[in-house]
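> Following this message is one structure expressed as structure tokens.
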Amino acid sequence: SKTLRIGAGAGYSGDRIEPAIALAERGALDYLVFECLAERTIADAQLRRREQPGAGFDPFLDARMRAVLAACRRSGTRIISNMGAANVPAAAARVAAIAQELGLPDLRIATILGDDVLDICLVGDVMLDNGQNIGALGDRLISANAYIGAAPIAAALAAGAEVVLTGRVSDPALFLGPLVHEFRWGMDDWDILGKGTLVGHLLECAGQLCGGYFADPGCKDVPDMAHLGFPIAEVDETGEARFSKLSGTGGRIDVATASEQVLYEIHDPARYFQPDVIADFSRVEIEQLGEDSIAVRGATGAPRSGKLKVSVSYHDGYIGEGQISYAGPGAVARGRLAIDILRERLSEIPQLGQAHFSLIGLDALHGARLSQGTEPYEVRVRVLARAADQAVAAKVGQEVEALYTNGPAGGGGAMKLVRAGIGLASATIAETLAHPRFEMWEGVRS
């Protein structure tokens, strides 16, 4: 029976490129998929597009395409990626230009459109999960992008696309799309879509399945992480999949790494809501076949909800930040004194919102309640606060810097910065309101 080989080329925008090059050159892949979008990533892309209409796609698009296009053409490997971000047509234009430079002028490129639903949300009076009405945000709104599904990707592949570029789609849908196309899976065959969603979920974070974000020395050791490989799935028409990585690459693929990835960011394993299906991973079985080789089976699915998740971003004032370090005997006490001084000083600035104080190296991640044990030799004070006005936000860092001569002994390495605050919220809309579609690339557009 037919088997499809799909490789994961990236798990986020800034991921390493070398593992993808190795997959393109010696992975014998049918598809190479780059998953590069997160909620904040697309908000940043939308802002770049506002500043420059021809921008708004992934900043590493050029580097990745230059690295793999020629090898993928030689091996017949098709590329799918959400590197189109907030400007899929501009991304397609860039890929077409790179292909021309590489001597591939006839590269067939498709764009997936329809995820930008900002106007739809405003007309539909959508409520966000933080209790706000999206319309009440007014000119603070940056973007609203729906997580669309696999169907337009499958349609683009059926039309002959060698490169498919998307904006915001569900991460597993990037991998489900080629499975639907190649195996002619029905978009109402819930069990098979659940199985394909599991394949995509295991691949979407790339190096994580190979031991990245898994390693814990002495407890969960991972070999040669400096040369971590990215995974390959071999999938048959029944949805059963075998996962492995290229020989000579670092990392490990086994029951443990896969089990962690199955559960990663899904909330309820029995009801993983996707635009194509509600996947059920609660009866998944993982079998070790050999070194760095596993079989995964047992996922099922239920009818999709009929709703799409929408990621909304908006301007949320400015964030002022300052940091300063203390080391040696009494470092923690001096750090706490610095925080006491800052707490009082900042409370006298009424335009500042609630401030957050922490000692990096002691309680910055999990708070004071869980920070028990041996006192560290060094700590770093960090304080952040939000303000509507940029100049007010800048006072946070100024007060931290002033601790050099107005605070405890031995402070050093002070830094201060102000950055625009981006708020993120989610909503749901009826899937009938969005109109995802594909278009074959026919010329340079901005």
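To be explicit about the labels: the chains of the structure tokens are called A, B, and onward in the order shown, and within each one the residues are counted from 1, while ligands get numbers from 1 in the order they are shown.
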Identify, with DSSP run on backbone atoms, the residues in region 125-169 of chain A assigned to alpha helix (DSSP H), and express the list as a PyMOL selection string.
chain A and resi 151-158
> I need the residues from that last selection saved to file as a PDB file, in the first residue's frame (with all heavy atoms), if you can.

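In the end it all went to result35.pdb:
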ATOM      1  N   ALA A 151      -8.549  21.543   4.182  1.00  0.00           N
ATOM      2  CA  ALA A 151      -9.179  21.370   2.866  1.00  0.00           C
ATOM      3  C   ALA A 151      -8.552  22.235   1.777  1.00  0.00           C
ATOM      4  O   ALA A 151      -8.271  21.728   0.679  1.00  0.00           O
ATOM      5  CB  ALA A 151     -10.683  21.631   2.973  1.00  0.00           C
ATOM      6  N   PRO A 152      -8.316  23.540   1.992  1.00  0.00           N
ATOM      7  CA  PRO A 152      -7.720  24.324   0.898  1.00  0.00           C
ATOM      8  C   PRO A 152      -6.286  23.912   0.575  1.00  0.00           C
ATOM      9  O   PRO A 152      -5.846  24.054  -0.568  1.00  0.00           O
ATOM     10  CB  PRO A 152      -7.794  25.763   1.405  1.00  0.00           C
ATOM     11  CG  PRO A 152      -7.925  25.654   2.883  1.00  0.00           C
ATOM     12  CD  PRO A 152      -8.681  24.393   3.132  1.00  0.00           C
ATOM     13  N   ILE A 153      -5.554  23.398   1.562  1.00  0.00           N
ATOM     14  CA  ILE A 153      -4.201  22.898   1.293  1.00  0.00           C
ATOM     15  C   ILE A 153      -4.283  21.676   0.383  1.00  0.00           C
ATOM     16  O   ILE A 153      -3.550  21.566  -0.612  1.00  0.00           O
ATOM     17  CB  ILE A 153      -3.482  22.549   2.608  1.00  0.00           C
ATOM     18  CG1 ILE A 153      -3.301  23.799   3.470  1.00  0.00           C
ATOM     19  CG2 ILE A 153      -2.136  21.886   2.327  1.00  0.00           C
ATOM     20  CD1 ILE A 153      -2.726  23.524   4.842  1.00  0.00           C
ATOM     21  N   ALA A 154      -5.198  20.759   0.690  1.00  0.00           N
ATOM     22  CA  ALA A 154      -5.374  19.571  -0.150  1.00  0.00           C
ATOM     23  C   ALA A 154      -5.789  19.967  -1.557  1.00  0.00           C
ATOM     24  O   ALA A 154      -5.303  19.394  -2.550  1.00  0.00           O
ATOM     25  CB  ALA A 154      -6.416  18.646   0.476  1.00  0.00           C
ATOM     26  N   ALA A 155      -6.652  20.960  -1.680  1.00  0.00           N
ATOM     27  CA  ALA A 155      -7.108  21.401  -2.997  1.00  0.00           C
ATOM     28  C   ALA A 155      -5.967  22.017  -3.795  1.00  0.00           C
ATOM     29  O   ALA A 155      -5.857  21.807  -5.010  1.00  0.00           O
ATOM     30  CB  ALA A 155      -8.252  22.405  -2.842  1.00  0.00           C
ATOM     31  N   ALA A 156      -5.102  22.784  -3.120  1.00  0.00           N
ATOM     32  CA  ALA A 156      -3.958  23.383  -3.802  1.00  0.00           C
ATOM     33  C   ALA A 156      -3.008  22.309  -4.315  1.00  0.00           C
ATOM     34  O   ALA A 156      -2.469  22.409  -5.422  1.00  0.00           O
ATOM     35  CB  ALA A 156      -3.230  24.333  -2.856  1.00  0.00           C
ATOM     36  N   LEU A 157      -2.803  21.275  -3.517  1.00  0.00           N
ATOM     37  CA  LEU A 157      -1.937  20.177  -3.947  1.00  0.00           C
ATOM     38  C   LEU A 157      -2.550  19.430  -5.121  1.00  0.00           C
ATOM     39  O   LEU A 157      -1.848  19.034  -6.060  1.00  0.00           O
ATOM     40  CB  LEU A 157      -1.679  19.227  -2.777  1.00  0.00           C
ATOM     41  CG  LEU A 157      -0.911  19.828  -1.595  1.00  0.00           C
ATOM     42  CD1 LEU A 157      -0.915  18.858  -0.416  1.00  0.00           C
ATOM     43  CD2 LEU A 157       0.522  20.183  -1.987  1.00  0.00           C
ATOM     44  N   ALA A 158      -3.854  19.261  -5.100  1.00  0.00           N
ATOM     45  CA  ALA A 158      -4.531  18.591  -6.209  1.00  0.00           C
ATOM     46  C   ALA A 158      -4.403  19.389  -7.498  1.00  0.00           C
ATOM     47  O   ALA A 158      -4.405  18.822  -8.599  1.00  0.00           O
ATOM     48  CB  ALA A 158      -6.004  18.373  -5.867  1.00  0.00           C
TER      49      ALA A 158
END
> Do a neighbour search on Arg108 (chain A) at 7 Å with only C-alpha atoms, toss out local chain neighbours closer than 5 positions, and write the hits as a PyMOL selection string.
chain A and resi 161-163
> Take the residues just selected and output them with C-alpha atoms as a PDB file, in the first residue's frame.

ATOM      1  CA  ALA A 161       1.206  23.164  -6.353  1.00  0.00           C
ATOM      2  CA  GLU A 162       4.821  22.389  -5.493  1.00  0.00           C
ATOM      3  CA  VAL A 163       4.928  25.049  -2.773  1.00  0.00           C
TER       4      VAL A 163
END
> My list of candidates is A:Ala70, A:Arg336, A:Cys121, A:Arg184. Which is closest to Glu101 (chain A) when distances are computed with only C-alpha atoms?
A:Ala70
> Between A:Phe57, A:Tyr318, A:Phe281, A:Tyr31, which is the closest to Ala388 (chain A) once you count only C-alpha atoms?
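The answer is A:Tyr318, which sits nearest to Ala388 (chain A).
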> Considering only C-alpha atoms, give me a table of residues in region 96-191 of chain A that are at most 9 Å from region 230-254 of chain A, with the closest atom pair and distance in Å for each, as a tab-separated table.

residue	atom	partner	partner_atom	distance
A:Leu179	CA	A:Glu237	CA	8.1
A:Glu182	CA	A:Glu237	CA	8.5
A:Phe183	CA	A:Glu237	CA	5.7
A:Arg184	CA	A:Glu237	CA	8.8
A:Trp185	CA	A:Glu237	CA	8.3
> Show which residues sit within 10 Å of His201 (chain A), as a VMD selection string. Count only C-alpha atoms, and ignore same-chain residues fewer than 3 positions away.
chain A and resid 170 to 176 195 to 198 204 to 206 209 261 to 266
> Pick out the residues sitting within 8 Å of Gly167 (chain A), and hand them over as number ranges by chain; count only C-alpha atoms, and ignore anything fewer than 6 positions along from it in its own chain.
A: 82-88, 112-113, 115
> I'd like to know which residues of region 220-426 of chain A are strand (DSSP E or B) (by DSSP, run on the backbone); could you write them as an MDAnalysis selection string?
chainID A and resid 220 228 231:236 241:245 250 272:273 278:280 285:290 293:297 300:302 307:327 352:360 378:387 412:426
> Might you pull out every residue within 6 Å of Ala110 (chain A), with only C-alpha atoms counted and same-chain residues fewer than 6 positions away left off, and present them as a PyMOL selection string?
chain A and resi 161+164+439-441
> Using only C-alpha atoms, which residue out of A:Leu193, A:Val123, A:Leu359, A:Ala99 lies closest to Ala338 (chain A)?
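Going through A:Leu193, A:Val123, A:Leu359, A:Ala99 one by one, the smallest distance to Ala338 (chain A) is for A:Leu359.
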> Excluding Leu417 (chain A) and residues on its chain fewer than 4 positions from it, collect all residues at most 9 Å away from it, counting only C-alpha atoms, and give them as JSON, numbers by chain.
{"A": [319, 320, 321, 322, 393, 394, 396, 397]}
> Compare A:Met415, A:Leu29, A:Ala93, A:Leu384 by their minimum atom-to-atom distance to Cys72 (chain A), counting only C-alpha atoms, and give me the closest one.
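Among the listed residues, the smallest separation from Cys72 (chain A) belongs to A:Leu29.
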> Mind checking which residues fall within 7 Å of Asp276 (chain A), counting only C-alpha atoms, ignoring those fewer than 4 positions away in the same chain, and posting them as an NGL selection string?
:A and (149-150 or 304)
> Please dump the current selection as a PDB file, in the first residue's frame; keep N, CA, C and O atoms.

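As written to disk, out-v5.pdb reads:
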ATOM      1  N   GLY A 149      -8.589  25.140   8.211  1.00  0.00           N
ATOM      2  CA  GLY A 149      -8.237  23.730   8.198  1.00  0.00           C
ATOM      3  C   GLY A 149      -7.485  23.259   6.970  1.00  0.00           C
ATOM      4  O   GLY A 149      -6.893  24.048   6.219  1.00  0.00           O
ATOM      5  N   ALA A 150      -7.537  21.956   6.741  1.00  0.00           N
ATOM      6  CA  ALA A 150      -6.688  21.293   5.750  1.00  0.00           C
ATOM      7  C   ALA A 150      -7.245  21.309   4.341  1.00  0.00           C
ATOM      8  O   ALA A 150      -6.496  21.116   3.380  1.00  0.00           O
ATOM      9  N   ARG A 304     -16.449  17.758  13.642  1.00  0.00           N
ATOM     10  CA  ARG A 304     -15.919  19.064  14.029  1.00  0.00           C
ATOM     11  C   ARG A 304     -17.030  19.921  14.620  1.00  0.00           C
ATOM     12  O   ARG A 304     -18.217  19.704  14.374  1.00  0.00           O
TER      13      ARG A 304
END
> Between A:Ser143, A:Gln208, A:Ser325, A:Ser293, which one has atoms that come closest to Arg50 (chain A), using only C-alpha atoms?
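That would be A:Ser143, the residue with the smallest distance to Arg50 (chain A).
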> A:Leu362, A:Ala71, A:Ala97, A:Val180: which is nearest Ala331 (chain A), counting only C-alpha atoms?
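Checking each candidate against Ala331 (chain A), we get A:Leu362 as the closest.
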> How many Å lie between CA of Ile6 (chain A) and CA of Ala299 (chain A), rounded to one decimal?
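Straight-line distance from CA of Ile6 (chain A) to CA of Ala299 (chain A) works out to 18.4 Å.
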